[in-house]
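File shown: entry_22.cif. Contents: mmCIF, C-alpha atoms and all ligand atoms.
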```
data_start
loop_
_atom_site.label_atom_id
_atom_site.label_comp_id
_atom_site.auth_asym_id
_atom_site.auth_seq_id
_atom_site.Cartn_x
_atom_site.Cartn_y
_atom_site.Cartn_z
CA MET A 187 128.22 -186.80 54.56
CA GLU A 188 127.08 -186.67 50.95
CA THR A 189 127.89 -189.62 48.76
CA ILE A 190 128.54 -189.34 45.06
CA LYS A 191 125.35 -190.14 43.23
CA THR A 192 125.42 -193.19 41.03
CA TRP A 193 122.71 -194.92 39.12
CA ALA A 194 121.15 -197.74 41.04
CA PRO A 195 119.51 -200.56 39.08
CA GLU A 196 116.42 -200.41 41.31
CA GLN A 197 115.79 -196.89 40.04
CA ASP A 198 113.21 -197.12 37.25
CA ILE A 199 114.46 -194.50 34.85
CA ILE A 200 117.82 -193.24 33.72
CA PRO A 201 117.07 -189.57 33.09
CA LEU A 202 118.30 -187.69 30.04
CA HIS A 203 120.23 -185.15 32.09
CA GLU A 204 120.02 -184.86 35.83
CA PRO A 205 121.30 -181.95 37.91
CA LEU A 206 123.64 -182.88 40.72
CA PHE A 207 124.18 -180.91 43.93
CA ILE A 208 127.12 -182.47 45.71
CA GLY A 209 129.32 -179.44 46.32
CA ASN A 210 128.74 -176.16 48.18
CA GLU A 211 125.20 -175.66 46.82
CA LYS A 212 123.40 -176.04 50.16
CA LYS A 213 125.95 -173.98 52.02
CA TYR A 214 125.77 -170.99 49.70
CA VAL A 215 121.97 -171.08 49.31
CA LEU A 216 121.58 -171.30 53.09
CA ASP A 217 123.91 -168.33 53.41
CA CYS A 218 121.53 -166.31 51.18
CA ILE A 219 118.52 -167.25 53.26
CA GLU A 220 120.21 -166.57 56.58
CA SER A 221 121.63 -163.26 55.45
CA GLY A 222 118.35 -162.16 53.82
CA TRP A 223 120.11 -161.41 50.51
CA VAL A 224 117.94 -163.61 48.30
CA SER A 225 116.86 -161.24 45.56
CA SER A 226 118.40 -159.23 42.77
CA VAL A 227 121.32 -157.74 44.68
CA GLY A 228 123.98 -159.67 46.53
CA LYS A 229 127.52 -160.91 46.62
CA TYR A 230 126.81 -164.20 44.83
CA VAL A 231 125.60 -162.40 41.71
CA ASP A 232 128.88 -160.50 41.51
CA GLU A 233 130.92 -163.57 42.29
CA PHE A 234 129.06 -165.71 39.77
CA GLU A 235 129.57 -163.11 37.05
CA ARG A 236 133.29 -162.83 37.85
CA ASN A 237 133.85 -166.59 37.95
CA LEU A 238 131.88 -167.14 34.78
CA ALA A 239 133.93 -164.51 32.93
CA GLU A 240 137.09 -166.12 34.20
CA PHE A 241 136.04 -169.62 33.18
CA THR A 242 134.92 -168.64 29.68
CA GLY A 243 137.68 -166.13 29.09
CA VAL A 244 135.31 -163.28 28.21
CA LYS A 245 135.86 -159.83 29.63
CA ARG A 246 132.42 -159.57 31.21
CA ALA A 247 129.46 -161.76 32.10
CA VAL A 248 126.05 -160.40 33.14
CA ALA A 249 123.79 -162.89 34.93
CA VAL A 250 120.09 -162.89 34.01
CA VAL A 251 116.90 -164.84 34.74
CA ASN A 252 117.23 -167.34 31.89
CA GLY A 253 118.95 -168.07 28.62
CA THR A 254 116.07 -166.76 26.53
CA ALA A 255 116.26 -163.36 28.25
CA ALA A 256 120.03 -163.37 27.68
CA LEU A 257 119.46 -163.98 23.97
CA HIS A 258 116.81 -161.28 23.78
CA ILE A 259 119.12 -158.64 25.23
CA ALA A 260 122.09 -159.96 23.24
CA LEU A 261 120.18 -159.40 19.99
CA LYS A 262 119.26 -155.89 21.07
CA LEU A 263 122.89 -155.12 21.93
CA ALA A 264 124.06 -156.51 18.59
CA GLY A 265 121.96 -153.82 16.91
CA VAL A 266 118.93 -155.81 15.78
CA LYS A 267 116.09 -153.40 14.99
CA THR A 268 112.35 -153.76 14.50
CA ASP A 269 111.50 -155.59 11.25
CA ASP A 270 115.09 -156.74 10.61
CA GLU A 271 115.79 -160.33 9.70
CA VAL A 272 117.94 -162.52 11.93
CA MET A 273 119.35 -165.73 10.52
CA ILE A 274 119.05 -168.73 12.80
CA PRO A 275 119.29 -172.47 12.28
CA SER A 276 115.95 -174.22 11.96
CA LEU A 277 117.51 -176.99 14.01
CA THR A 278 117.62 -175.35 17.45
CA PHE A 279 115.54 -174.99 20.59
CA VAL A 280 112.52 -172.71 20.15
CA ALA A 281 114.04 -170.03 22.42
CA THR A 282 116.42 -168.91 19.66
CA ALA A 283 113.49 -167.97 17.43
CA ASN A 284 111.37 -166.58 20.26
CA ALA A 285 114.11 -164.14 21.25
CA VAL A 286 114.16 -162.81 17.68
CA ILE A 287 110.39 -162.29 17.80
CA TYR A 288 110.65 -160.51 21.21
CA GLU A 289 112.90 -158.01 19.47
CA ASN A 290 110.19 -157.49 16.79
CA ALA A 291 112.47 -158.98 14.17
CA ASN A 292 111.95 -161.89 11.74
CA PRO A 293 113.63 -165.27 12.08
CA HIS A 294 115.13 -166.40 8.78
CA PHE A 295 115.96 -170.09 8.81
CA VAL A 296 119.25 -171.47 7.53
CA ASP A 297 120.49 -175.03 7.12
CA VAL A 298 123.05 -176.89 9.17
CA ASP A 299 126.09 -178.96 8.26
CA GLN A 300 125.54 -182.67 8.92
CA ARG A 301 129.07 -182.96 10.28
CA THR A 302 128.86 -180.15 12.89
CA LEU A 303 125.08 -179.94 13.46
CA GLY A 304 125.62 -176.16 13.35
CA ILE A 305 125.12 -173.54 10.60
CA ASP A 306 126.69 -174.56 7.28
CA PRO A 307 128.97 -171.64 6.22
CA LYS A 308 129.34 -172.80 2.62
CA LYS A 309 125.63 -173.08 2.04
CA LEU A 310 125.13 -169.76 3.81
CA ARG A 311 127.57 -167.94 1.52
CA GLU A 312 125.89 -169.28 -1.60
CA TYR A 313 122.49 -168.32 -0.31
CA LEU A 314 123.48 -164.81 0.77
CA THR A 315 125.19 -164.24 -2.56
CA ASN A 316 121.92 -165.09 -4.30
CA ILE A 317 119.39 -163.26 -2.21
CA THR A 318 121.11 -160.19 -0.77
CA GLN A 319 122.80 -156.99 -1.80
CA ILE A 320 124.92 -154.66 0.29
CA LYS A 321 123.47 -151.16 0.64
CA ASP A 322 125.15 -148.48 2.80
CA GLY A 323 127.11 -151.12 4.69
CA LYS A 324 123.99 -153.18 5.37
CA CYS A 325 122.97 -156.57 4.09
CA VAL A 326 119.55 -156.29 2.45
CA ASN A 327 117.37 -159.26 1.51
CA LYS A 328 116.37 -158.47 -2.10
CA ARG A 329 113.24 -160.60 -1.81
CA THR A 330 111.78 -158.93 1.29
CA GLY A 331 113.57 -155.57 1.27
CA ARG A 332 114.51 -156.08 4.92
CA VAL A 333 117.91 -155.72 6.56
CA ILE A 334 119.61 -158.92 7.71
CA SER A 335 121.37 -157.53 10.76
CA ALA A 336 122.46 -160.61 12.72
CA ILE A 337 123.01 -164.34 12.65
CA VAL A 338 122.78 -166.67 15.64
CA PRO A 339 125.05 -169.71 15.40
CA MET A 340 124.10 -172.29 18.00
CA HIS A 341 126.55 -174.89 19.29
CA THR A 342 124.27 -177.90 19.12
CA PHE A 343 124.42 -180.21 22.16
CA GLY A 344 127.73 -178.51 23.03
CA HIS A 345 129.53 -179.17 19.74
CA PRO A 346 131.18 -175.96 18.50
CA VAL A 347 130.20 -174.75 15.01
CA SER A 348 132.98 -173.98 12.51
CA ILE A 349 133.26 -170.38 13.57
CA ASP A 350 136.23 -169.21 11.45
CA GLU A 351 134.52 -170.14 8.22
CA LEU A 352 131.26 -168.65 9.39
CA LYS A 353 132.96 -165.42 10.44
CA LYS A 354 134.51 -164.99 7.00
CA VAL A 355 131.03 -165.09 5.49
CA THR A 356 129.35 -162.81 8.02
CA ASP A 357 132.16 -160.23 7.81
CA GLU A 358 131.81 -160.17 4.05
CA PHE A 359 128.06 -159.57 4.34
CA TYR A 360 128.11 -157.12 7.29
CA ILE A 361 126.11 -159.44 9.52
CA ALA A 362 126.71 -159.41 13.30
CA ILE A 363 127.26 -162.69 15.12
CA VAL A 364 125.31 -163.38 18.30
CA GLU A 365 126.32 -166.77 19.65
CA ASP A 366 123.66 -168.93 21.21
CA ALA A 367 126.04 -170.69 23.58
CA ALA A 368 123.17 -171.88 25.77
CA GLU A 369 124.31 -175.49 25.43
CA SER A 370 128.05 -175.01 25.21
CA LEU A 371 129.45 -173.96 28.56
CA GLY A 372 132.76 -175.82 28.66
CA SER A 373 133.03 -176.13 24.85
CA TYR A 374 135.99 -174.73 22.93
CA TYR A 375 136.69 -173.79 19.34
CA LYS A 376 140.43 -174.09 18.59
CA GLY A 377 141.14 -173.68 22.29
CA ILE A 378 138.94 -170.63 22.78
CA HIS A 379 135.73 -170.95 24.78
CA THR A 380 132.49 -170.59 22.82
CA GLY A 381 130.83 -167.23 23.38
CA ASN A 382 133.98 -165.27 22.49
CA PHE A 383 133.42 -165.02 18.77
CA GLY A 384 130.65 -162.51 18.22
CA LYS A 385 129.89 -159.14 19.69
CA VAL A 386 127.84 -160.79 22.38
CA ALA A 387 126.69 -164.28 23.40
CA ALA A 388 124.09 -165.99 25.58
CA VAL A 389 124.36 -169.00 27.89
CA SER A 390 121.72 -170.87 29.88
CA PHE A 391 121.67 -172.43 33.34
CA ASN A 392 118.30 -174.12 33.03
CA GLY A 393 117.77 -177.31 35.05
CA ASN A 394 118.75 -179.60 32.18
CA LYS A 395 121.92 -177.77 31.14
CA THR A 396 125.50 -178.75 32.06
CA ILE A 397 125.31 -176.66 35.23
CA THR A 398 122.16 -175.10 36.63
CA THR A 399 121.03 -172.17 38.75
CA GLY A 400 117.47 -173.51 38.83
CA GLY A 401 116.64 -171.09 36.06
CA GLY A 402 119.17 -168.64 34.75
CA GLY A 403 121.33 -167.37 31.97
CA ALA A 404 124.11 -164.94 31.22
CA ILE A 405 125.15 -162.45 28.59
CA LEU A 406 128.84 -162.76 27.64
CA THR A 407 130.86 -160.06 25.92
CA ASN A 408 134.41 -158.79 25.45
CA ASP A 409 133.18 -155.21 25.23
CA ASP A 410 132.82 -153.22 28.47
CA GLU A 411 130.32 -150.84 26.95
CA VAL A 412 128.10 -153.71 25.81
CA ALA A 413 128.34 -155.27 29.27
CA ASN A 414 127.37 -152.03 30.99
CA ARG A 415 124.40 -151.64 28.65
CA ALA A 416 123.42 -155.26 29.33
CA LYS A 417 123.44 -154.67 33.06
CA HIS A 418 121.47 -151.44 32.71
CA LEU A 419 118.80 -152.89 30.41
CA THR A 420 118.35 -156.01 32.55
CA THR A 421 118.00 -153.92 35.72
CA THR A 422 114.91 -151.97 34.57
CA ALA A 423 117.21 -149.26 33.11
CA LYS A 424 117.44 -147.71 36.55
CA VAL A 425 119.95 -144.93 36.92
CA PRO A 426 121.97 -145.70 40.07
CA HIS A 427 121.02 -143.39 42.92
CA ARG A 428 120.66 -143.83 46.65
CA TRP A 429 116.92 -143.16 46.62
CA GLU A 430 115.57 -141.77 43.34
CA TYR A 431 113.65 -144.01 40.91
CA THR A 432 114.94 -142.72 37.61
CA HIS A 433 114.70 -144.98 34.56
CA ASP A 434 116.13 -143.50 31.39
CA GLU A 435 114.66 -145.99 28.87
CA ILE A 436 112.41 -149.05 28.74
CA GLY A 437 114.27 -151.73 30.65
CA TYR A 438 113.62 -155.30 31.68
CA ASN A 439 113.42 -157.06 35.01
CA TYR A 440 115.83 -159.76 33.90
CA ARG A 441 118.38 -159.79 36.72
CA MET A 442 119.35 -163.12 38.24
CA PRO A 443 118.38 -163.35 41.92
CA ASN A 444 121.19 -163.82 44.42
CA ILE A 445 119.80 -167.17 45.59
CA ASN A 446 120.09 -168.56 42.06
CA ALA A 447 123.57 -167.10 41.69
CA ALA A 448 124.58 -168.86 44.94
CA LEU A 449 123.63 -172.15 43.31
CA GLY A 450 125.58 -171.07 40.24
CA VAL A 451 128.79 -170.32 42.15
CA ALA A 452 128.70 -173.80 43.68
CA GLN A 453 127.86 -175.45 40.35
CA LEU A 454 130.66 -173.65 38.57
CA GLU A 455 133.09 -175.14 41.11
CA GLN A 456 131.86 -178.56 39.99
CA LEU A 457 131.98 -177.86 36.26
CA PRO A 458 135.51 -179.17 35.55
CA SER A 459 134.67 -182.54 37.09
CA TYR A 460 131.34 -182.70 35.21
CA LEU A 461 133.16 -182.04 31.95
CA LYS A 462 135.64 -184.78 32.66
CA GLN A 463 132.89 -187.26 33.48
CA LYS A 464 130.92 -186.32 30.37
CA ARG A 465 133.98 -187.01 28.19
CA GLN A 466 134.40 -190.36 29.90
CA LEU A 467 130.78 -191.14 29.14
CA ALA A 468 131.30 -190.14 25.50
CA GLU A 469 134.27 -192.52 25.26
CA LYS A 470 132.14 -195.35 26.60
CA TYR A 471 129.28 -194.66 24.22
CA LYS A 472 131.73 -194.42 21.33
CA LEU A 473 133.08 -197.85 22.08
CA LEU A 474 129.64 -199.31 22.60
CA PHE A 475 128.18 -197.98 19.37
CA SER A 476 131.25 -198.70 17.26
CA CYS A 477 130.14 -202.30 16.97
CA MET A 478 126.48 -201.59 16.26
CA ASP A 479 124.96 -201.51 12.81
CA GLY A 480 123.21 -198.42 11.49
CA VAL A 481 124.04 -196.25 14.51
CA LYS A 482 126.80 -193.68 14.83
CA PHE A 483 127.81 -192.01 18.05
CA TYR A 484 128.23 -188.31 17.38
CA GLU A 485 131.76 -187.12 18.14
CA GLU A 486 133.05 -183.58 18.56
CA PRO A 487 134.42 -181.92 15.41
CA GLU A 488 138.21 -182.14 14.98
CA TYR A 489 138.82 -178.40 15.49
CA GLY A 490 137.20 -178.17 18.88
CA GLN A 491 136.31 -179.61 22.21
CA SER A 492 132.70 -180.33 23.10
CA ASN A 493 131.22 -180.35 26.58
CA TYR A 494 129.13 -183.34 25.40
CA TRP A 495 126.11 -181.75 27.04
CA LEU A 496 123.63 -184.14 25.45
CA GLN A 497 125.14 -187.34 24.15
CA THR A 498 123.92 -187.99 20.64
CA ILE A 499 123.49 -190.89 18.28
CA ILE A 500 122.66 -190.68 14.59
CA LEU A 501 120.62 -193.49 13.11
CA ASP A 502 120.83 -194.70 9.57
CA PRO A 503 117.17 -194.36 8.56
CA ASN A 504 117.57 -197.30 6.15
CA VAL A 505 118.38 -199.55 9.09
CA HIS A 506 116.43 -198.11 12.03
CA ASP A 507 113.11 -196.36 12.44
CA ARG A 508 113.56 -193.41 14.80
CA ASN A 509 110.23 -193.79 16.56
CA GLN A 510 110.72 -197.50 17.12
CA VAL A 511 114.11 -196.86 18.71
CA LEU A 512 112.65 -194.12 20.93
CA GLU A 513 109.77 -196.37 21.90
CA LEU A 514 112.11 -199.20 22.87
CA LEU A 515 114.63 -197.11 24.83
CA ASN A 516 111.99 -195.21 26.80
CA LYS A 517 110.05 -198.40 27.50
CA HIS A 518 113.16 -199.79 29.17
CA GLY A 519 113.66 -196.72 31.32
CA ILE A 520 116.44 -195.29 29.18
CA MET A 521 115.19 -191.77 28.74
CA SER A 522 115.83 -190.69 25.19
CA ARG A 523 114.58 -187.82 23.08
CA PRO A 524 114.59 -186.93 19.39
CA ILE A 525 116.23 -183.73 18.22
CA TRP A 526 113.84 -180.75 18.18
CA MET A 527 111.18 -180.54 15.55
CA PRO A 528 112.69 -178.08 13.03
CA LEU A 529 111.40 -174.61 13.86
CA HIS A 530 110.26 -173.82 10.31
CA GLU A 531 107.65 -176.56 10.78
CA LEU A 532 106.17 -175.04 13.95
CA ILE A 533 102.94 -173.05 13.62
CA PRO A 534 104.32 -169.66 14.77
CA PHE A 535 107.22 -169.77 12.30
CA GLN A 536 105.73 -171.38 9.21
CA SER A 537 105.66 -168.17 7.20
CA CYS A 538 109.22 -167.11 8.05
CA PRO A 539 111.75 -166.93 5.20
CA GLN A 540 113.99 -169.97 4.84
CA MET A 541 116.68 -171.41 2.60
CA ASN A 542 116.73 -174.96 1.33
CA LEU A 543 116.87 -177.03 4.52
CA SER A 544 117.81 -180.46 3.18
CA ALA A 545 120.33 -181.35 5.92
CA THR A 546 117.87 -180.29 8.61
CA GLU A 547 115.19 -182.46 7.00
CA GLN A 548 117.49 -185.46 7.09
CA LEU A 549 118.71 -184.98 10.62
CA LYS A 550 115.25 -184.51 12.14
CA ASN A 551 114.48 -188.19 11.61
CA SER A 552 117.81 -189.62 12.66
CA VAL A 553 119.18 -187.76 15.69
CA ILE A 554 118.50 -189.04 19.20
CA ASN A 555 119.81 -187.87 22.57
CA ILE A 556 120.58 -190.54 25.14
CA PRO A 557 121.25 -190.35 28.90
CA SER A 558 123.97 -187.77 29.51
CA SER A 559 124.23 -187.07 33.27
CA PRO A 560 127.86 -186.62 34.31
CA TYR A 561 127.79 -189.38 36.94
CA LEU A 562 127.07 -191.98 34.25
CA GLY A 563 130.66 -191.48 33.11
CA GLU A 564 131.88 -192.96 36.40
CA LEU A 565 129.92 -196.19 36.22
C1 LIG B 1 118.32 -173.94 26.77
C2 LIG B 1 118.42 -173.16 25.51
C3 LIG B 1 118.04 -171.81 25.42
C4 LIG B 1 117.28 -171.05 26.44
O1 LIG B 1 117.59 -171.16 27.71
P1 LIG B 1 116.52 -171.00 28.90
O2 LIG B 1 117.43 -170.76 30.04
O3 LIG B 1 115.78 -172.28 28.99
O4 LIG B 1 115.66 -169.83 28.61
C5 LIG B 1 118.28 -171.13 24.24
N1 LIG B 1 118.82 -171.73 23.19
C6 LIG B 1 119.17 -173.03 23.22
C7 LIG B 1 119.76 -173.62 22.00
C8 LIG B 1 118.96 -173.78 24.36
O5 LIG B 1 119.27 -175.09 24.36
#
```

Is it possible to give me this structure as C-alpha cells?
Ligand SMILES: *Cc1c(COP(=O)(O)O)cnc(C)c1O
Amino acid sequence: METIKTWAPEQDIIPLHEPLFIGNEKKYVLDCIESGWVSSVGKYVDEFERNLAEFTGVKRAVAVVNGTAALHIALKLAGVKTDDEVMIPSLTFVATANAVIYENANPHFVDVDQRTLGIDPKKLREYLTNITQIKDGKCVNKRTGRVISAIVPMHTFGHPVSIDELKKVTDEFYIAIVEDAAESLGSYYKGIHTGNFGKVAAVSFNGNKTITTGGGGAILTNDDEVANRAKHLTTTAKVPHRWEYTHDEIGYNYRMPNINAALGVAQLEQLPSYLKQKRQLAEKYKLLFSCMDGVKFYEEPEYGQSNYWLQTIILDPNVHDRNQVLELLNKHGIMSRPIWMPLHELIPFQSCPQMNLSATEQLKNSVINIPSSPYLGEL
C-alpha cells in the first residue's frame, strides 16, 4: 500500500519540484514491459494523446520526446523559414531560443510585463511600429531586412500571458503565434486552456514539470492538418506501409516511446489533484509573505488561472539582496532558484536583435522560485 508522500523534517532538503508517482504509474509501465510494447508504437501513446487533447481542449495532441522537440516542430509548422526572425521573451528557459536556432531562424528578444512575467503587448506594438513594415502580407524588420514570421509567448511559471492583447498586435503585424506552454499545463486564460491560442503550441513533461513522463513533450493544435504533419515529421516522415521504408521528406525521430506515455497516462490522472494542492500551497505562501517586508508572493493575473507550477516571490531589491536570500534559503535546505539568466546575456545569443529590455533587467535580480511540489500544499 502506497502512502501519500509528505515532507518529513528528518529529510535534509525540500526540493524545488519533486515528481510524485502514487497512482497507476507502476501498473502501466509494468504493462509496457510485460507486453513488450516499450518503444515508439503502442496503446499508451494513443491514449496519452487523446487524454491530453481532452484535458487541454485542443483538437489534437502529438506526443514527442521532449518539450524542445515539440517547440522545434511547432515553429516549423507555423511557417518559420530559414533566416526568419522569431520574437521570444529574453526571460525564458533556453529551450525557447534553441528551438528557433534549430529551425535556422534568428531569435529576436522582446521584453516582458512585470505584472504577468510574459510578453508585454503594449511595448511590443510600439516596437513593431518603429522597426517593421508590412510587405506582401509579411512583417519585415527594416533594420535587418528579415521577415518576422512568428512570436513565442511563454506562460512563465504557469501564469498565462495576456493573450487577447497580444493577439491584436500579432494579427495586425501578420505574425504567427506559437505558444510555449511548456510550463502551463493546467493553466487557463479566461477559462480556456493555454495552448489553444496560436496555430500550434508546445508542452513539456520533463521531470521538473507539473506532470512528467521522464522526458517528454507534446505538440498541441486545433488544426487536423497541422496535427497530421506533426505526426509525420516526428515519425521520420515515413509513409505508412506494411513493409516499405519510404520517407517523403527529412523527418525527425521525435516520437514519444510507449513506456514514457504509460507514465504520462497515469500522471494525467493525478493532474487535477496536483493542481488543487498547488493552489493550496499558493494560498499558504500568500498568507505567509503578506506580513513580510520587501517580499511579494507572485499571484496569478486576474484574467486567468495559473497552475502555480513554480511558486514565485519577488524581492524588493532595496530591501533584500537576491544572492543573500538564495544563500540563506539553500543553506537551510529550502531549495530555491533565481529566475533564468536573461537569454540575451548568454554567449550564444549575445548578437541577436533585441528591444529595450528594462523590465527583464529588473526582474532578473528580484525573482526567486521556492519549493513547489504539490504535496507541500497538504502540510
Ligand atoms: C521545460 C521548458 C521547455 C523545454 O522542455 P524540455 O522537455 O525540457 O525539452 C521549453 N520552454 C520552457 C519555457 C520550459 O520551461

Could you list the protein, DNA and RNA residues that have any atom within 6 Å of ligand LIG 1 (chain B), counting only C-alpha atoms and all ligand atoms, and write them as a list of chain:residue names?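 Residues satisfying the distance criterion: A:Asn252, A:Gly253, A:Thr254, A:Thr278, A:Phe279, A:Ala281, A:Thr282, A:Asp366, A:Ala368, A:Glu369, A:Ser390, A:Phe391, A:Asn392, A:Gly402, A:Gly403.
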
Okay, now the selection with C-alpha atoms, as a PDB file, in the coordinates of the input?
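Result file out.pdb:
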```pdb
ATOM      1  CA  ASN A 252     117.230-167.340  31.890  1.00  0.00           C
ATOM      2  CA  GLY A 253     118.950-168.070  28.620  1.00  0.00           C
ATOM      3  CA  THR A 254     116.070-166.760  26.530  1.00  0.00           C
ATOM      4  CA  THR A 278     117.620-175.350  17.450  1.00  0.00           C
ATOM      5  CA  PHE A 279     115.540-174.990  20.590  1.00  0.00           C
ATOM      6  CA  ALA A 281     114.040-170.030  22.420  1.00  0.00           C
ATOM      7  CA  THR A 282     116.420-168.910  19.660  1.00  0.00           C
ATOM      8  CA  ASP A 366     123.660-168.930  21.210  1.00  0.00           C
ATOM      9  CA  ALA A 368     123.170-171.880  25.770  1.00  0.00           C
ATOM     10  CA  GLU A 369     124.310-175.490  25.430  1.00  0.00           C
ATOM     11  CA  SER A 390     121.720-170.870  29.880  1.00  0.00           C
ATOM     12  CA  PHE A 391     121.670-172.430  33.340  1.00  0.00           C
ATOM     13  CA  ASN A 392     118.300-174.120  33.030  1.00  0.00           C
ATOM     14  CA  GLY A 402     119.170-168.640  34.750  1.00  0.00           C
ATOM     15  CA  GLY A 403     121.330-167.370  31.970  1.00  0.00           C
TER      16      GLY A 403
END
```

Just to confirm, what's the straight-line distance from CA of Glu547 in chain A to CA of Tyr288 in chain A in Å (one decimal)?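 Between CA of Glu547 in chain A and CA of Tyr288 in chain A the gap works out to 26.5 Å.
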
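Closest approach to Leu562 in chain A among A:Leu314, A:Val326, A:Leu467, A:Ile363: A:Leu467, based on only C-alpha atoms.
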
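Picture a line from CA of Gln463 in chain A to CA of Val231 in chain A; it runs 27.2 Å.
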
Between A:Leu457, A:Ala545, A:Ala448, A:Cys538, which has the minimum distance to Val224 in chain A (counting only C-alpha atoms)? A:Ala448

Long-range neighbours of Tyr375 in chain A as a ChimeraX atom specification, 8 Å cut-off, all atoms listed in the file, 4 positions minimum in chain: /A:346-349,379-380,489-491

Might you pull out every residue within 7 Å of Arg441 in chain A, with all atoms listed in the file counted and same-chain residues fewer than 5 positions away left off, and present them as a VMD selection string? chain A and resid 226 249 to 251 420 to 421

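If you look at CA of Lys213 in chain A and CA of Gly393 in chain A, they are 19.1 Å away from each other.
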
Please work out which residues fall within 12 Å of (122.3, -151.0, 30.9), coordinates as given in the file, with only C-alpha atoms counting, and return them as a PyMOL selection string. chain A and resi 248+259-260+262-263+410-426+433-441

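Distances here use all atoms listed in the file; by that measure, the residue among A:Asp269, A:Asp507, A:Glu513, A:Glu485 closest to Gln300 in chain A is A:Glu485.
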
In terms of all atoms listed in the file, the residue from A:Arg301, A:Asp306, A:Gly384, A:Ile554 at minimal distance from Glu488 in chain A is A:Arg301

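Taking only C-alpha atoms, the non-local environment of range 519-534 of chain A within 6 Å (same-chain residues fewer than 3 positions away omitted) comprises A:Asp198, A:Ile199, A:Ile200, A:Pro201, A:Leu202, A:Ser276, A:Leu277, A:Leu515, A:Asn516, A:Val553, A:Ile554, A:Asn555, A:Ile556.
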
If I wrap all listed atoms of range 385-389 of chain A in a box with edges along x, y and z and add 8 Å on each side, what are its centre and edge lengths in Å to one decimal, as JSON?
```
{"center_x": 127.0, "center_y": -164.1, "center_z": 23.8, "size_x": 21.8, "size_y": 25.9, "size_z": 24.2}
```

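Nearest to Phe359 in chain A of all the residues A:Asn327, A:Gln548, A:Ser373, A:Thr498 is A:Asn327, counting all atoms listed in the file.
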
Pick out the residues sitting within 6 Å of Cys325 in chain A, and hand them over as a ChimeraX atom specification; count all atoms listed in the file, and ignore anything fewer than 4 positions along from it in its own chain. /A:319-320,333-334,359

Within 12 Å of range 482-484 of chain A, counting only C-alpha atoms, which residues qualify if same-chain residues fewer than 6 places away don't, as a VMD selection string? chain A and resid 300 to 303 342 to 345 467 to 476 492 494 to 503 505 to 506 552 to 556

For the selection just defined, write its residues with C-alpha atoms to a file, as a PDB file, keeping the file's coordinate frame.
```
ATOM      1  CA  GLN A 300     125.540-182.670   8.920  1.00  0.00           C
ATOM      2  CA  ARG A 301     129.070-182.960  10.280  1.00  0.00           C
ATOM      3  CA  THR A 302     128.860-180.150  12.890  1.00  0.00           C
ATOM      4  CA  LEU A 303     125.080-179.940  13.460  1.00  0.00           C
ATOM      5  CA  THR A 342     124.270-177.900  19.120  1.00  0.00           C
ATOM      6  CA  PHE A 343     124.420-180.210  22.160  1.00  0.00           C
ATOM      7  CA  GLY A 344     127.730-178.510  23.030  1.00  0.00           C
ATOM      8  CA  HIS A 345     129.530-179.170  19.740  1.00  0.00           C
ATOM      9  CA  LEU A 467     130.780-191.140  29.140  1.00  0.00           C
ATOM     10  CA  ALA A 468     131.300-190.140  25.500  1.00  0.00           C
ATOM     11  CA  GLU A 469     134.270-192.520  25.260  1.00  0.00           C
ATOM     12  CA  LYS A 470     132.140-195.350  26.600  1.00  0.00           C
ATOM     13  CA  TYR A 471     129.280-194.660  24.220  1.00  0.00           C
ATOM     14  CA  LYS A 472     131.730-194.420  21.330  1.00  0.00           C
ATOM     15  CA  LEU A 473     133.080-197.850  22.080  1.00  0.00           C
ATOM     16  CA  LEU A 474     129.640-199.310  22.600  1.00  0.00           C
ATOM     17  CA  PHE A 475     128.180-197.980  19.370  1.00  0.00           C
ATOM     18  CA  SER A 476     131.250-198.700  17.260  1.00  0.00           C
ATOM     19  CA  SER A 492     132.700-180.330  23.100  1.00  0.00           C
ATOM     20  CA  TYR A 494     129.130-183.340  25.400  1.00  0.00           C
ATOM     21  CA  TRP A 495     126.110-181.750  27.040  1.00  0.00           C
ATOM     22  CA  LEU A 496     123.630-184.140  25.450  1.00  0.00           C
ATOM     23  CA  GLN A 497     125.140-187.340  24.150  1.00  0.00           C
ATOM     24  CA  THR A 498     123.920-187.990  20.640  1.00  0.00           C
ATOM     25  CA  ILE A 499     123.490-190.890  18.280  1.00  0.00           C
ATOM     26  CA  ILE A 500     122.660-190.680  14.590  1.00  0.00           C
ATOM     27  CA  LEU A 501     120.620-193.490  13.110  1.00  0.00           C
ATOM     28  CA  ASP A 502     120.830-194.700   9.570  1.00  0.00           C
ATOM     29  CA  PRO A 503     117.170-194.360   8.560  1.00  0.00           C
ATOM     30  CA  VAL A 505     118.380-199.550   9.090  1.00  0.00           C
ATOM     31  CA  HIS A 506     116.430-198.110  12.030  1.00  0.00           C
ATOM     32  CA  SER A 552     117.810-189.620  12.660  1.00  0.00           C
ATOM     33  CA  VAL A 553     119.180-187.760  15.690  1.00  0.00           C
ATOM     34  CA  ILE A 554     118.500-189.040  19.200  1.00  0.00           C
ATOM     35  CA  ASN A 555     119.810-187.870  22.570  1.00  0.00           C
ATOM     36  CA  ILE A 556     120.580-190.540  25.140  1.00  0.00           C
TER      37      ILE A 556
END
```

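Nearest residue to Asn382 in chain A, choosing from A:Gly265, A:Gly304, A:Pro487, A:Gly243 and counting only C-alpha atoms: A:Gly243.
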